[in-house]
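A.B. asks: File coords01.cif below, mmCIF, C-alpha atoms:
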data_start
#
loop_
_atom_site.group_PDB
_atom_site.id
_atom_site.type_symbol
_atom_site.label_atom_id
_atom_site.label_comp_id
_atom_site.auth_asym_id
_atom_site.auth_seq_id
_atom_site.Cartn_x
_atom_site.Cartn_y
_atom_site.Cartn_z
ATOM 1 C CA MET A 1 81.802 45.920 64.123
ATOM 2 C CA ASP A 2 82.496 46.300 60.391
ATOM 3 C CA ALA A 3 81.383 48.395 57.463
ATOM 4 C CA THR A 4 78.822 45.787 56.325
ATOM 5 C CA THR A 5 76.982 45.528 59.639
ATOM 6 C CA LEU A 6 73.570 47.170 59.838
ATOM 7 C CA TYR A 7 72.087 48.400 63.098
ATOM 8 C CA SER A 8 68.558 48.955 64.260
ATOM 9 C CA ILE A 9 67.555 52.087 66.177
ATOM 10 C CA GLY A 10 67.583 50.048 69.392
ATOM 11 C CA GLU A 11 71.181 48.923 68.761
ATOM 12 C CA LEU A 12 72.253 52.478 67.980
ATOM 13 C CA SER A 13 70.660 53.582 71.237
ATOM 14 C CA ARG A 14 72.631 50.991 73.224
ATOM 15 C CA ARG A 15 75.899 51.911 71.511
ATOM 16 C CA THR A 16 75.568 55.711 71.753
ATOM 17 C CA GLY A 17 73.552 56.169 74.945
ATOM 18 C CA LEU A 18 70.984 58.258 73.067
ATOM 19 C CA SER A 19 67.310 57.479 73.447
ATOM 20 C CA VAL A 20 65.406 55.773 70.654
ATOM 21 C CA ARG A 21 63.159 58.821 70.462
ATOM 22 C CA THR A 22 66.136 61.148 69.953
ATOM 23 C CA ILE A 23 67.661 58.939 67.240
ATOM 24 C CA ARG A 24 64.307 58.774 65.464
ATOM 25 C CA PHE A 25 64.099 62.580 65.594
ATOM 26 C CA TYR A 26 67.582 62.927 64.066
ATOM 27 C CA SER A 27 66.596 60.397 61.440
ATOM 28 C CA ASP A 28 63.313 62.114 60.576
ATOM 29 C CA SER A 29 65.172 65.464 60.404
ATOM 30 C CA GLY A 30 67.643 64.050 57.902
ATOM 31 C CA ILE A 31 70.629 64.668 60.168
ATOM 32 C CA VAL A 32 71.352 60.926 60.430
ATOM 33 C CA ALA A 33 69.413 59.310 57.645
ATOM 34 C CA PRO A 34 68.901 55.532 57.635
ATOM 35 C CA THR A 35 71.156 53.587 55.291
ATOM 36 C CA THR A 36 68.366 51.273 54.227
ATOM 37 C CA ARG A 37 65.218 49.594 55.504
ATOM 38 C CA SER A 38 64.469 45.995 56.367
ATOM 39 C CA PRO A 39 61.895 43.976 54.356
ATOM 40 C CA ALA A 40 59.431 44.845 57.137
ATOM 41 C CA GLY A 41 60.162 48.574 56.698
ATOM 42 C CA TYR A 42 62.327 49.089 59.802
ATOM 43 C CA ARG A 43 65.212 51.526 59.544
ATOM 44 C CA ARG A 44 68.734 50.194 59.441
ATOM 45 C CA TYR A 45 71.994 52.114 59.839
ATOM 46 C CA ASP A 46 75.550 51.301 58.796
ATOM 47 C CA LEU A 47 78.880 52.170 60.446
ATOM 48 C CA ASP A 48 79.049 55.614 58.812
ATOM 49 C CA ALA A 49 75.608 56.443 60.226
ATOM 50 C CA LEU A 50 76.745 55.294 63.679
ATOM 51 C CA LEU A 51 79.864 57.484 63.512
ATOM 52 C CA ARG A 52 77.766 60.422 62.281
ATOM 53 C CA LEU A 53 75.345 59.929 65.164
ATOM 54 C CA GLU A 54 78.212 59.929 67.670
ATOM 55 C CA LEU A 55 79.478 63.177 66.134
ATOM 56 C CA VAL A 56 76.000 64.695 66.451
ATOM 57 C CA ARG A 57 75.812 63.651 70.100
ATOM 58 C CA THR A 58 79.232 65.215 70.828
ATOM 59 C CA LEU A 59 78.366 68.484 69.117
ATOM 60 C CA ARG A 60 75.011 68.715 70.876
ATOM 61 C CA GLU A 61 76.742 68.192 74.233
ATOM 62 C CA LEU A 62 78.957 71.133 73.304
ATOM 63 C CA GLY A 63 75.821 73.224 72.758
ATOM 64 C CA ILE A 64 76.027 73.579 68.967
ATOM 65 C CA ASP A 65 72.648 74.001 67.284
ATOM 66 C CA LEU A 66 71.191 71.451 64.870
ATOM 67 C CA PRO A 67 71.409 73.565 61.659
ATOM 68 C CA ALA A 68 75.144 74.029 62.235
ATOM 69 C CA ILE A 69 75.552 70.332 63.073
ATOM 70 C CA ARG A 70 73.850 69.362 59.826
ATOM 71 C CA ARG A 71 76.230 71.578 57.835
ATOM 72 C CA ILE A 72 79.250 70.230 59.707
ATOM 73 C CA ALA A 73 78.205 66.629 59.179
ATOM 74 C CA ASP A 74 77.608 67.331 55.483
ATOM 75 C CA ARG A 75 81.038 69.020 55.321
ATOM 76 C CA GLU A 76 79.470 72.282 54.231
ATOM 77 C CA LEU A 77 80.878 74.137 57.249
ATOM 78 C CA PRO A 78 84.419 73.745 58.636
ATOM 79 C CA MET A 79 84.417 72.294 62.130
ATOM 80 C CA ALA A 80 87.218 74.640 63.206
ATOM 81 C CA GLU A 81 85.153 77.679 62.275
ATOM 82 C CA VAL A 82 82.136 76.476 64.236
ATOM 83 C CA ALA A 83 84.293 75.514 67.225
ATOM 84 C CA ALA A 84 85.907 78.968 67.324
ATOM 85 C CA ALA A 85 82.574 80.777 67.144
ATOM 86 C CA HIS A 86 81.081 78.539 69.802
ATOM 87 C CA ALA A 87 84.107 78.996 72.075
ATOM 88 C CA ASP A 88 83.616 82.773 71.809
ATOM 89 C CA ALA A 89 79.958 82.391 72.756
ATOM 90 C CA ILE A 90 80.895 80.233 75.730
ATOM 91 C CA ASP A 91 83.417 82.878 76.841
ATOM 92 C CA VAL A 92 80.566 85.410 76.980
ATOM 93 C CA GLN A 93 78.427 82.980 78.973
ATOM 94 C CA ILE A 94 81.283 82.313 81.376
ATOM 95 C CA ARG A 95 81.787 86.047 81.973
ATOM 96 C CA GLU A 96 78.069 86.473 82.613
ATOM 97 C CA LEU A 97 78.052 83.557 85.046
ATOM 98 C CA GLN A 98 81.146 84.851 86.830
ATOM 99 C CA LEU A 99 79.551 88.270 87.193
ATOM 100 C CA ARG A 100 76.326 86.694 88.442
ATOM 101 C CA ARG A 101 78.311 84.636 90.964
ATOM 102 C CA SER A 102 80.162 87.743 92.139
ATOM 103 C CA VAL A 103 76.895 89.664 92.536
ATOM 104 C CA LEU A 104 75.403 86.838 94.589
ATOM 105 C CA ARG A 105 78.466 86.751 96.836
ATOM 106 C CA VAL A 106 78.311 90.526 97.308
ATOM 107 C CA VAL A 107 74.613 90.278 98.171
ATOM 108 C CA ALA A 108 75.318 87.445 100.624
ATOM 109 C CA GLY A 109 78.232 89.335 102.196
ATOM 110 C CA ARG A 110 76.252 92.559 102.609
ATOM 111 C CA GLY A 111 73.152 90.809 103.920
ATOM 112 C CA SER A 112 71.185 92.694 101.288
ATOM 113 C CA ASP A 113 67.407 92.949 101.326
ATOM 114 C CA PRO A 114 65.428 92.468 98.062
ATOM 115 C CA GLU A 115 65.547 96.182 97.195
ATOM 116 C CA GLU A 116 69.299 96.425 97.675
ATOM 117 C CA THR A 117 69.760 93.182 95.741
ATOM 118 C CA ARG A 118 67.977 94.742 92.757
ATOM 119 C CA LEU A 119 70.182 97.845 93.072
ATOM 120 C CA VAL A 120 73.387 95.792 93.189
ATOM 121 C CA HIS A 121 72.288 93.824 90.137
ATOM 122 C CA LYS A 122 71.365 97.013 88.262
ATOM 123 C CA LEU A 123 74.697 98.684 89.029
ATOM 124 C CA THR A 124 76.707 95.680 87.822
ATOM 125 C CA GLN A 125 74.692 95.440 84.603
ATOM 126 C CA LEU A 126 75.678 98.944 83.461
ATOM 127 C CA SER A 127 77.705 99.040 80.257
ATOM 128 C CA ALA A 128 81.213 100.516 80.191
ATOM 129 C CA ASP A 129 79.815 103.721 78.645
ATOM 130 C CA GLU A 130 77.107 103.956 81.315
ATOM 131 C CA ARG A 131 79.662 103.452 84.083
ATOM 132 C CA ARG A 132 81.841 106.195 82.583
ATOM 133 C CA ARG A 133 78.846 108.562 82.374
ATOM 134 C CA LEU A 134 78.147 107.890 86.045
ATOM 135 C CA ILE A 135 81.648 109.097 86.936
ATOM 136 C CA ASP A 136 81.435 112.013 84.465
ATOM 137 C CA ASP A 137 78.201 113.154 86.136
ATOM 138 C CA PHE A 138 79.916 112.867 89.514
ATOM 139 C CA ILE A 139 82.858 115.000 88.343
ATOM 140 C CA ALA A 140 80.596 117.658 86.823
ATOM 141 C CA GLY A 141 78.353 117.705 89.893
ATOM 142 C CA THR A 142 81.314 117.946 92.258
ATOM 143 C CA PHE A 143 83.663 120.359 90.525
ATOM 144 C CA GLY A 144 81.331 121.979 88.018
ATOM 145 C CA PRO A 145 81.691 122.035 84.223
ATOM 146 C CA ALA A 146 84.859 123.669 82.941
ATOM 147 C CA ASP A 147 82.936 126.632 81.520
ATOM 148 C CA ASP A 148 80.510 127.023 84.422
ATOM 149 C CA ALA A 149 82.183 129.725 86.500
ATOM 150 C CA SER A 150 80.513 132.555 88.296
ATOM 151 C CA ALA A 151 81.553 136.184 88.116
ATOM 152 C CA ASP A 152 84.005 135.775 90.972
ATOM 153 C CA GLY A 153 85.752 132.831 89.294
ATOM 154 C CA VAL A 154 84.220 130.130 91.466
ATOM 155 C CA PRO A 155 82.519 127.281 89.575
ATOM 156 C CA ALA A 156 79.059 126.045 90.533
ATOM 157 C CA GLY A 157 80.641 123.174 92.449
ATOM 158 C CA GLY A 158 82.143 125.607 94.941
ATOM 159 C CA VAL A 159 85.758 124.808 94.061
ATOM 160 C CA PRO A 160 88.153 127.704 93.365
ATOM 161 C CA ALA A 161 88.499 128.136 89.601
ATOM 162 C CA GLU A 162 92.243 127.546 89.570
ATOM 163 C CA ALA A 163 91.916 124.284 91.522
ATOM 164 C CA ALA A 164 88.845 122.750 89.873
ATOM 165 C CA PRO A 165 90.462 121.678 86.551
ATOM 166 C CA ALA A 166 93.346 119.903 88.277
ATOM 167 C CA ALA A 167 91.038 118.196 90.775
ATOM 168 C CA ALA A 168 88.635 117.066 88.044
ATOM 169 C CA ALA A 169 91.538 115.865 85.890
ATOM 170 C CA MET A 170 92.871 113.807 88.793
ATOM 171 C CA VAL A 171 89.530 112.028 89.190
ATOM 172 C CA ARG A 172 89.006 111.589 85.450
ATOM 173 C CA ALA A 173 92.496 110.138 84.934
ATOM 174 C CA ALA A 174 91.649 107.394 87.405
ATOM 175 C CA THR A 175 88.138 106.621 86.127
ATOM 176 C CA PRO A 176 87.151 103.226 87.543
ATOM 177 C CA ASP A 177 86.744 100.653 84.770
ATOM 178 C CA LEU A 178 85.231 97.325 85.795
ATOM 179 C CA PRO A 179 86.993 94.566 83.785
ATOM 180 C CA GLU A 180 85.122 92.039 81.670
ATOM 181 C CA GLU A 181 85.845 89.299 84.199
ATOM 182 C CA PRO A 182 85.747 91.076 87.577
ATOM 183 C CA THR A 183 86.535 89.397 90.848
ATOM 184 C CA THR A 184 84.024 89.407 93.669
ATOM 185 C CA GLU A 185 86.164 92.071 95.388
ATOM 186 C CA GLN A 186 86.030 94.280 92.286
ATOM 187 C CA VAL A 187 82.250 93.907 91.986
ATOM 188 C CA ALA A 188 81.808 94.798 95.665
ATOM 189 C CA ALA A 189 84.131 97.801 95.227
ATOM 190 C CA TRP A 190 82.237 98.993 92.134
ATOM 191 C CA VAL A 191 78.865 98.770 93.900
ATOM 192 C CA GLU A 192 80.193 100.727 96.888
ATOM 193 C CA LEU A 193 81.827 103.255 94.568
ATOM 194 C CA ALA A 194 78.621 103.799 92.583
ATOM 195 C CA GLU A 195 76.727 104.452 95.811
ATOM 196 C CA LEU A 196 79.462 106.771 97.100
ATOM 197 C CA VAL A 197 79.603 109.095 94.078
ATOM 198 C CA GLY A 198 75.868 109.709 94.320
ATOM 199 C CA ASP A 199 76.133 110.909 97.931
ATOM 200 C CA GLU A 200 75.974 114.717 98.216
ATOM 201 C CA ASP A 201 77.843 114.693 101.524
ATOM 202 C CA PHE A 202 80.698 112.802 99.871
ATOM 203 C CA ARG A 203 80.757 115.279 96.965
ATOM 204 C CA ALA A 204 81.112 118.114 99.458
ATOM 205 C CA ARG A 205 84.037 116.319 101.089
ATOM 206 C CA MET A 206 85.722 115.892 97.701
ATOM 207 C CA ARG A 207 85.258 119.584 96.941
ATOM 208 C CA ARG A 208 86.893 120.443 100.255
ATOM 209 C CA THR A 209 89.914 118.129 100.190
ATOM 210 C CA LEU A 210 90.789 117.138 96.639
ATOM 211 C CA PRO A 211 91.900 120.560 95.301
ATOM 212 C CA HIS A 212 94.698 120.540 97.884
ATOM 213 C CA GLN A 213 95.822 117.078 96.776
ATOM 214 C CA ALA A 214 95.523 117.960 93.080
ATOM 215 C CA GLY A 215 97.624 121.060 93.583
ATOM 216 C CA GLY A 216 100.313 119.100 95.394
ATOM 217 C CA ARG A 217 99.913 121.307 98.429
ATOM 218 C CA THR A 218 100.824 120.126 101.906
ATOM 219 C CA PRO A 219 97.721 120.018 104.127
ATOM 220 C CA GLY A 220 97.477 123.132 106.264
ATOM 221 C CA ILE A 221 97.714 121.269 109.576
ATOM 222 C CA GLU A 222 101.016 119.679 108.522
ATOM 223 C CA ARG A 223 102.442 122.902 107.151
ATOM 224 C CA GLU A 224 101.487 124.905 110.245
ATOM 225 C CA ALA A 225 102.548 122.257 112.782
ATOM 226 C CA GLY A 226 105.899 121.664 111.112
ATOM 227 C CA GLU A 227 107.711 118.543 109.936
ATOM 228 C CA GLU A 228 108.963 117.523 113.384
ATOM 229 C CA LEU A 229 105.552 117.505 115.067
ATOM 230 C CA THR A 230 103.950 115.886 112.012
ATOM 231 C CA ALA A 231 106.536 113.077 112.018
ATOM 232 C CA PHE A 232 106.059 112.600 115.774
ATOM 233 C CA THR A 233 102.296 112.399 115.294
ATOM 234 C CA ARG A 234 102.591 109.735 112.606
ATOM 235 C CA GLN A 235 104.929 107.710 114.789
ATOM 236 C CA LYS A 236 102.688 107.848 117.871
ATOM 237 C CA VAL A 237 99.527 106.952 115.955
ATOM 238 C CA ALA A 238 101.297 104.174 114.044
ATOM 239 C CA GLU A 239 102.445 102.687 117.357
ATOM 240 C CA ALA A 240 98.915 102.910 118.729
ATOM 241 C CA THR A 241 97.295 101.288 115.697
ATOM 242 C CA GLU A 242 99.911 98.526 115.558
ATOM 243 C CA ALA A 243 99.191 97.843 119.232
ATOM 244 C CA GLY A 244 95.485 97.596 118.404
ATOM 245 C CA VAL A 245 94.480 100.661 120.410
ATOM 246 C CA ASP A 246 90.861 101.579 119.714
ATOM 247 C CA PRO A 247 90.477 105.324 118.997
ATOM 248 C CA HIS A 248 87.172 105.175 120.874
ATOM 249 C CA GLY A 249 88.669 103.343 123.831
ATOM 250 C CA ASP A 250 90.352 104.502 127.023
ATOM 251 C CA GLY A 251 93.719 103.311 125.715
ATOM 252 C CA ALA A 252 93.771 106.195 123.237
ATOM 253 C CA ALA A 253 93.574 108.853 125.953
ATOM 254 C CA PRO A 254 97.322 109.014 126.827
ATOM 255 C CA VAL A 255 98.259 109.300 123.144
ATOM 256 C CA ILE A 256 95.706 112.029 122.491
ATOM 257 C CA ASP A 257 96.566 113.945 125.679
ATOM 258 C CA GLU A 258 100.237 114.093 124.712
ATOM 259 C CA LEU A 259 99.516 115.121 121.107
ATOM 260 C CA VAL A 260 96.990 117.774 122.171
ATOM 261 C CA ARG A 261 99.570 119.329 124.526
ATOM 262 C CA ARG A 262 102.189 119.443 121.770
ATOM 263 C CA TYR A 263 99.804 120.907 119.181
ATOM 264 C CA ALA A 264 98.431 123.427 121.673
ATOM 265 C CA ALA A 265 101.980 124.601 122.330
ATOM 266 C CA ALA A 266 102.719 124.807 118.600
ATOM 267 C CA PHE A 267 99.584 126.875 117.945
ATOM 268 C CA ALA A 268 99.732 128.831 121.212
ATOM 269 C CA ARG A 269 96.287 127.547 122.179
ATOM 270 C CA THR A 270 94.757 126.185 125.367
ATOM 271 C CA PRO A 271 94.492 122.353 125.237
ATOM 272 C CA ASP A 272 90.799 122.294 126.098
ATOM 273 C CA ALA A 273 87.740 120.622 124.546
ATOM 274 C CA GLU A 274 87.297 123.459 122.059
ATOM 275 C CA PHE A 275 90.872 123.048 120.837
ATOM 276 C CA ARG A 276 90.430 119.270 120.523
ATOM 277 C CA ASP A 277 87.367 119.812 118.383
ATOM 278 C CA TRP A 278 89.235 122.342 116.221
ATOM 279 C CA LEU A 279 92.184 119.954 115.855
ATOM 280 C CA ALA A 280 89.891 117.072 114.892
ATOM 281 C CA GLN A 281 88.291 119.230 112.226
ATOM 282 C CA ARG A 282 91.691 120.191 110.810
ATOM 283 C CA PHE A 283 92.755 116.553 110.573
ATOM 284 C CA GLU A 284 89.457 115.623 108.934
ATOM 285 C CA GLU A 285 89.941 118.374 106.358
ATOM 286 C CA ALA A 286 93.549 117.328 105.718
ATOM 287 C CA HIS A 287 92.726 113.751 104.794
ATOM 288 C CA ASP A 288 89.072 112.824 104.706
ATOM 289 C CA PRO A 289 88.563 109.071 105.277
ATOM 290 C CA ARG A 290 85.695 108.896 102.780
ATOM 291 C CA VAL A 291 87.829 110.508 100.083
ATOM 292 C CA ASP A 292 90.557 107.998 100.869
ATOM 293 C CA ARG A 293 87.964 105.259 100.609
ATOM 294 C CA TYR A 294 87.028 106.497 97.137
ATOM 295 C CA TRP A 295 90.603 106.165 95.912
ATOM 296 C CA ARG A 296 90.991 102.725 97.445
ATOM 297 C CA LEU A 297 87.815 101.561 95.721
ATOM 298 C CA VAL A 298 89.094 102.985 92.411
ATOM 299 C CA TRP A 299 92.362 101.085 92.832
ATOM 300 C CA ILE A 300 90.506 97.860 93.560
ATOM 301 C CA VAL A 301 88.088 98.205 90.618
ATOM 302 C CA ASN A 302 90.940 98.997 88.223
ATOM 303 C CA GLY A 303 93.073 96.165 89.550
ATOM 304 C CA TRP A 304 95.822 98.511 90.699
ATOM 305 C CA GLN A 305 98.024 97.892 93.702
ATOM 306 C CA VAL A 306 96.534 99.587 96.744
ATOM 307 C CA VAL A 307 99.207 101.888 98.145
ATOM 308 C CA PRO A 308 98.902 102.591 101.883
ATOM 309 C CA GLY A 309 98.629 106.304 102.594
ATOM 310 C CA LEU A 310 98.669 108.569 105.597
ATOM 311 C CA THR A 311 94.905 108.743 105.867
ATOM 312 C CA PRO A 312 94.569 105.988 108.492
ATOM 313 C CA VAL A 313 96.751 108.133 110.758
ATOM 314 C CA TYR A 314 94.507 111.159 110.468
ATOM 315 C CA SER A 315 91.326 109.133 110.547
ATOM 316 C CA TRP A 316 92.411 107.488 113.803
ATOM 317 C CA LEU A 317 93.406 110.861 115.230
ATOM 318 C CA ALA A 318 90.145 112.578 114.290
ATOM 319 C CA ARG A 319 88.006 109.808 115.752
ATOM 320 C CA ALA A 320 90.046 109.685 118.957
ATOM 321 C CA LEU A 321 89.930 113.470 119.339
ATOM 322 C CA ARG A 322 86.158 113.503 118.846
ATOM 323 C CA HIS A 323 85.743 110.769 121.436
ATOM 324 C CA GLN A 324 88.092 112.356 123.956
ATOM 325 C CA GLY A 325 86.871 115.884 123.277
ATOM 326 C CA GLY A 326 84.564 116.025 126.258
ATOM 327 C CA ALA A 327 87.092 114.576 128.674
#
Just give me the structure of the file as structure tokens.
C.D. replies:
Amino acid sequence: MDATTLYSIGELSRRTGLSVRTIRFYSDSGIVAPTTRSPAGYRRYDLDALLRLELVRTLRELGIDLPAIRRIADRELPMAEVAAAHADAIDVQIRELQLRRSVLRVVAGRGSDPEETRLVHKLTQLSADERRRLIDDFIAGTFGPADDASADGVPAGGVPAEAAPAAAAMVRAATPDLPEEPTTEQVAAWVELAELVGDEDFRARMRRTLPHQAGGRTPGIEREAGEELTAFTRQKVAEATEAGVDPHGDGAAPVIDELVRRYAAAFARTPDAEFRDWLAQRFEEAHDPRVDRYWRLVWIVNGWQVVPGLTPVYSWLARALRHQGGA
């Protein structure tokens, strides 16, 4: 190969791997013009045309459009500038593909039907502003607007006026923000979170439990039972959960029986079914498992470290008490 050699379209096709039809198109478009023509009128190309054609093939494989390729080949447009812009565009495509992959994995993991699949897709396509408005609507619907108080000082959400601002601020400070390149776990958490904040039952639970947390107040059941009994309870339930004891199984009965006796003595109550039901309700109010789930989902979406709390203790207790209540 030298600078004086001329090549036919067929030879260019063999050397570059491009089809004759494609080379003819580039030639007719003026992107790779023929150097000359043979006496019979056939197009001939020199080494510069071959190198230009190889550049065109490379740029097309990278997804760069023909107008930009023409300007690059004619040195009207810096290659570095085009490469940077195209890399940015590919980054966007990669994020979209990653999100699409995550959505598909969430759908597969949940065993979603077509309707739920559409919902999952819709929720993940919300913009950052739309996601924030979803949480803002949840806060306003749960705790009431700051200036929406009734004559007795209780906002429309049903939260005492002095507790509502702190509770709302706690939720707003931890607004879930799905990153540009979320993991499958974060997408799944966001979908579950979006469904959770629209649930009226969940909003009622937040109204009931969060003001206590926001105010830094010890749950009533802990305060009334005392530190010693509370510590004993945590220890017994932790031992049961570590041993794999099912709160709905018979293995939970000895643990519950002992705790019920101790709490009945502390509250001067009879350890009967009615007291078990009352105790279960108090533990549910102290640390609601669905409220705990909300915070865990927020931590996952935001990429924060999930800090284990006391809620599993109370959740286990409440479920075991409900199950053993009729015994």
A.B. asks: What is the distance between CA of Phe143 (chain A) and CA of Ala318 (chain A), in Å to one decimal?
C.D. replies: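 For CA of Phe143 (chain A) relative to CA of Ala318 (chain A), the distance reads 25.8 Å.
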A.B. asks: Using the chain letters and residue numbers of this document, give as JSON, numbers by chain the residues selected by the PyMOL selection byres ((chain A and resi 282-299) around 8).
C.D. replies: {"A": [174, 175, 176, 189, 190, 192, 193, 196, 202, 205, 206, 208, 209, 219, 220, 221, 278, 279, 280, 281, 300, 301, 302, 303, 304, 305, 306, 310, 311, 312, 314, 315, 317, 318]}
A.B. asks: Using all atoms listed in the file, which of A:Gln324, A:Gln235, A:Thr270, A:Gln93 sits nearest Pro247 (chain A)?
C.D. replies: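 Among the listed residues, the smallest separation from Pro247 (chain A) belongs to A:Gln324.
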A.B. asks: Around region 229-244 of chain A, with edges along x, y and z and 3 Å added on all six sides, what centre and edge lengths do you get, in Å to one decimal, as lines of an AutoDock Vina configuration file?
C.D. replies:
center_x = 101.0
center_y = 107.6
center_z = 115.6
size_x = 17.1
size_y = 25.9
size_z = 13.2
A.B. asks: Which value, in Å to one decimal, gives the distance between CA of Thr16 (chain A) and CA of Asp88 (chain A)?
C.D. replies: 28.2 Å
A.B. asks: Return as an MDAnalysis selection string the set of residues that the PyMOL selection byres ((chain A and resi 3-12) around 7) yields on the displayed structure.
C.D. replies: chainID A and resid 1:2 13:16 20 23 43:47 50
A.B. asks: Measure the distance from CA of Ile94 (chain A) to CA of Val191 (chain A) in Å and round it to one decimal.
C.D. replies: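 Result for CA of Ile94 (chain A) versus CA of Val191 (chain A): 20.8 Å, one decimal.
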A.B. asks: Counting all atoms listed in the file, what is within 10 Å of Asp136 (chain A), bar same-chain residues fewer than 6 positions away, as a list in words?
C.D. replies: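 Using all atoms listed in the file, the neighbours found are Glu130, Thr142, Ala168, Val171, Arg172 and Thr175 of chain A.
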A.B. asks: What residues come out when you apply the PyMOL selection byres ((chain A and resi 180) around 12) to this file, written as an MDAnalysis selection string?
C.D. replies: chainID A and resid 91:99 124:128 177:179 181:183 186:187 301:303
A.B. asks: Given the choices A:Arg207, A:Ile256, A:Asp199, A:Ala194, which gets closest to Arg133 (chain A) if the distance is worked out from all atoms listed in the file?
C.D. replies: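 Among the listed residues, A:Ala194 lies closest to Arg133 (chain A).
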A.B. asks: Need the neighbours of (80.6, 93.0, 95.1): which residues are at most 6 Å away, counting only C-alpha atoms, as a list in words?
C.D. replies: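 Neighbouring residues, ordered by chain and number, come to Val103, Val106, Thr184, Glu185, Val187, Ala188 and Ala189 of chain A.
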A.B. asks: Can I get the selected residues back with C-alpha atoms, as a short mmCIF file (atom, residue, chain, number, x, y, z; two decimals), in the coordinates of the input?
C.D. replies:
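Generated output (again_10.cif):
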data_model
loop_
_atom_site.label_atom_id
_atom_site.label_comp_id
_atom_site.auth_asym_id
_atom_site.auth_seq_id
_atom_site.Cartn_x
_atom_site.Cartn_y
_atom_site.Cartn_z
CA VAL A 103 76.90 89.66 92.54
CA VAL A 106 78.31 90.53 97.31
CA THR A 184 84.02 89.41 93.67
CA GLU A 185 86.16 92.07 95.39
CA VAL A 187 82.25 93.91 91.99
CA ALA A 188 81.81 94.80 95.66
CA ALA A 189 84.13 97.80 95.23
#
A.B. asks: Compare A:Glu195, A:Trp316, A:Thr22, A:Asp201 by their minimum atom-to-atom distance to Thr233 (chain A), counting all atoms listed in the file, and give me the closest one.
C.D. replies: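 Going through A:Glu195, A:Trp316, A:Thr22, A:Asp201 one by one, the smallest distance to Thr233 (chain A) is for A:Trp316.
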A.B. asks: Please output region 313-317 of chain A, rebuilt to include all heavy atoms, as a PDB file, keeping the file's coordinate frame.
C.D. replies:
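Once written, rebuild-v1.pdb looks like this:
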ATOM      1  N   VAL A 313      96.222 107.387 109.621  1.00  0.00           N
ATOM      2  CA  VAL A 313      96.751 108.133 110.758  1.00  0.00           C
ATOM      3  C   VAL A 313      95.786 109.242 111.148  1.00  0.00           C
ATOM      4  O   VAL A 313      95.397 109.377 112.317  1.00  0.00           O
ATOM      5  CB  VAL A 313      98.136 108.733 110.407  1.00  0.00           C
ATOM      6  CG1 VAL A 313      98.581 109.714 111.498  1.00  0.00           C
ATOM      7  CG2 VAL A 313      99.156 107.635 110.217  1.00  0.00           C
ATOM      8  N   TYR A 314      95.372 110.031 110.178  1.00  0.00           N
ATOM      9  CA  TYR A 314      94.507 111.159 110.468  1.00  0.00           C
ATOM     10  C   TYR A 314      93.087 110.723 110.817  1.00  0.00           C
ATOM     11  O   TYR A 314      92.424 111.384 111.615  1.00  0.00           O
ATOM     12  CB  TYR A 314      94.510 112.135 109.289  1.00  0.00           C
ATOM     13  CG  TYR A 314      95.867 112.780 109.098  1.00  0.00           C
ATOM     14  CD1 TYR A 314      96.625 112.528 107.971  1.00  0.00           C
ATOM     15  CD2 TYR A 314      96.387 113.624 110.073  1.00  0.00           C
ATOM     16  CE1 TYR A 314      97.878 113.111 107.813  1.00  0.00           C
ATOM     17  CE2 TYR A 314      97.624 114.206 109.918  1.00  0.00           C
ATOM     18  CZ  TYR A 314      98.380 113.947 108.786  1.00  0.00           C
ATOM     19  OH  TYR A 314      99.610 114.526 108.641  1.00  0.00           O
ATOM     20  N   SER A 315      92.650 109.656 110.217  1.00  0.00           N
ATOM     21  CA  SER A 315      91.326 109.133 110.547  1.00  0.00           C
ATOM     22  C   SER A 315      91.294 108.676 112.001  1.00  0.00           C
ATOM     23  O   SER A 315      90.350 108.974 112.744  1.00  0.00           O
ATOM     24  CB  SER A 315      90.971 107.978 109.611  1.00  0.00           C
ATOM     25  OG  SER A 315      89.746 107.398 109.979  1.00  0.00           O
ATOM     26  N   TRP A 316      92.320 107.963 112.415  1.00  0.00           N
ATOM     27  CA  TRP A 316      92.411 107.488 113.803  1.00  0.00           C
ATOM     28  C   TRP A 316      92.455 108.682 114.749  1.00  0.00           C
ATOM     29  O   TRP A 316      91.756 108.705 115.771  1.00  0.00           O
ATOM     30  CB  TRP A 316      93.654 106.622 113.963  1.00  0.00           C
ATOM     31  CG  TRP A 316      93.756 105.883 115.281  1.00  0.00           C
ATOM     32  CD1 TRP A 316      93.389 104.600 115.533  1.00  0.00           C
ATOM     33  CD2 TRP A 316      94.275 106.407 116.517  1.00  0.00           C
ATOM     34  NE1 TRP A 316      93.637 104.275 116.846  1.00  0.00           N
ATOM     35  CE2 TRP A 316      94.176 105.377 117.479  1.00  0.00           C
ATOM     36  CE3 TRP A 316      94.796 107.637 116.911  1.00  0.00           C
ATOM     37  CZ2 TRP A 316      94.590 105.548 118.796  1.00  0.00           C
ATOM     38  CZ3 TRP A 316      95.194 107.804 118.226  1.00  0.00           C
ATOM     39  CH2 TRP A 316      95.098 106.765 119.152  1.00  0.00           C
ATOM     40  N   LEU A 317      93.274 109.668 114.398  1.00  0.00           N
ATOM     41  CA  LEU A 317      93.406 110.861 115.230  1.00  0.00           C
ATOM     42  C   LEU A 317      92.074 111.603 115.378  1.00  0.00           C
ATOM     43  O   LEU A 317      91.679 111.976 116.484  1.00  0.00           O
ATOM     44  CB  LEU A 317      94.426 111.814 114.618  1.00  0.00           C
ATOM     45  CG  LEU A 317      95.850 111.784 115.162  1.00  0.00           C
ATOM     46  CD1 LEU A 317      96.730 112.729 114.386  1.00  0.00           C
ATOM     47  CD2 LEU A 317      95.863 112.113 116.653  1.00  0.00           C
TER      48      LEU A 317
END
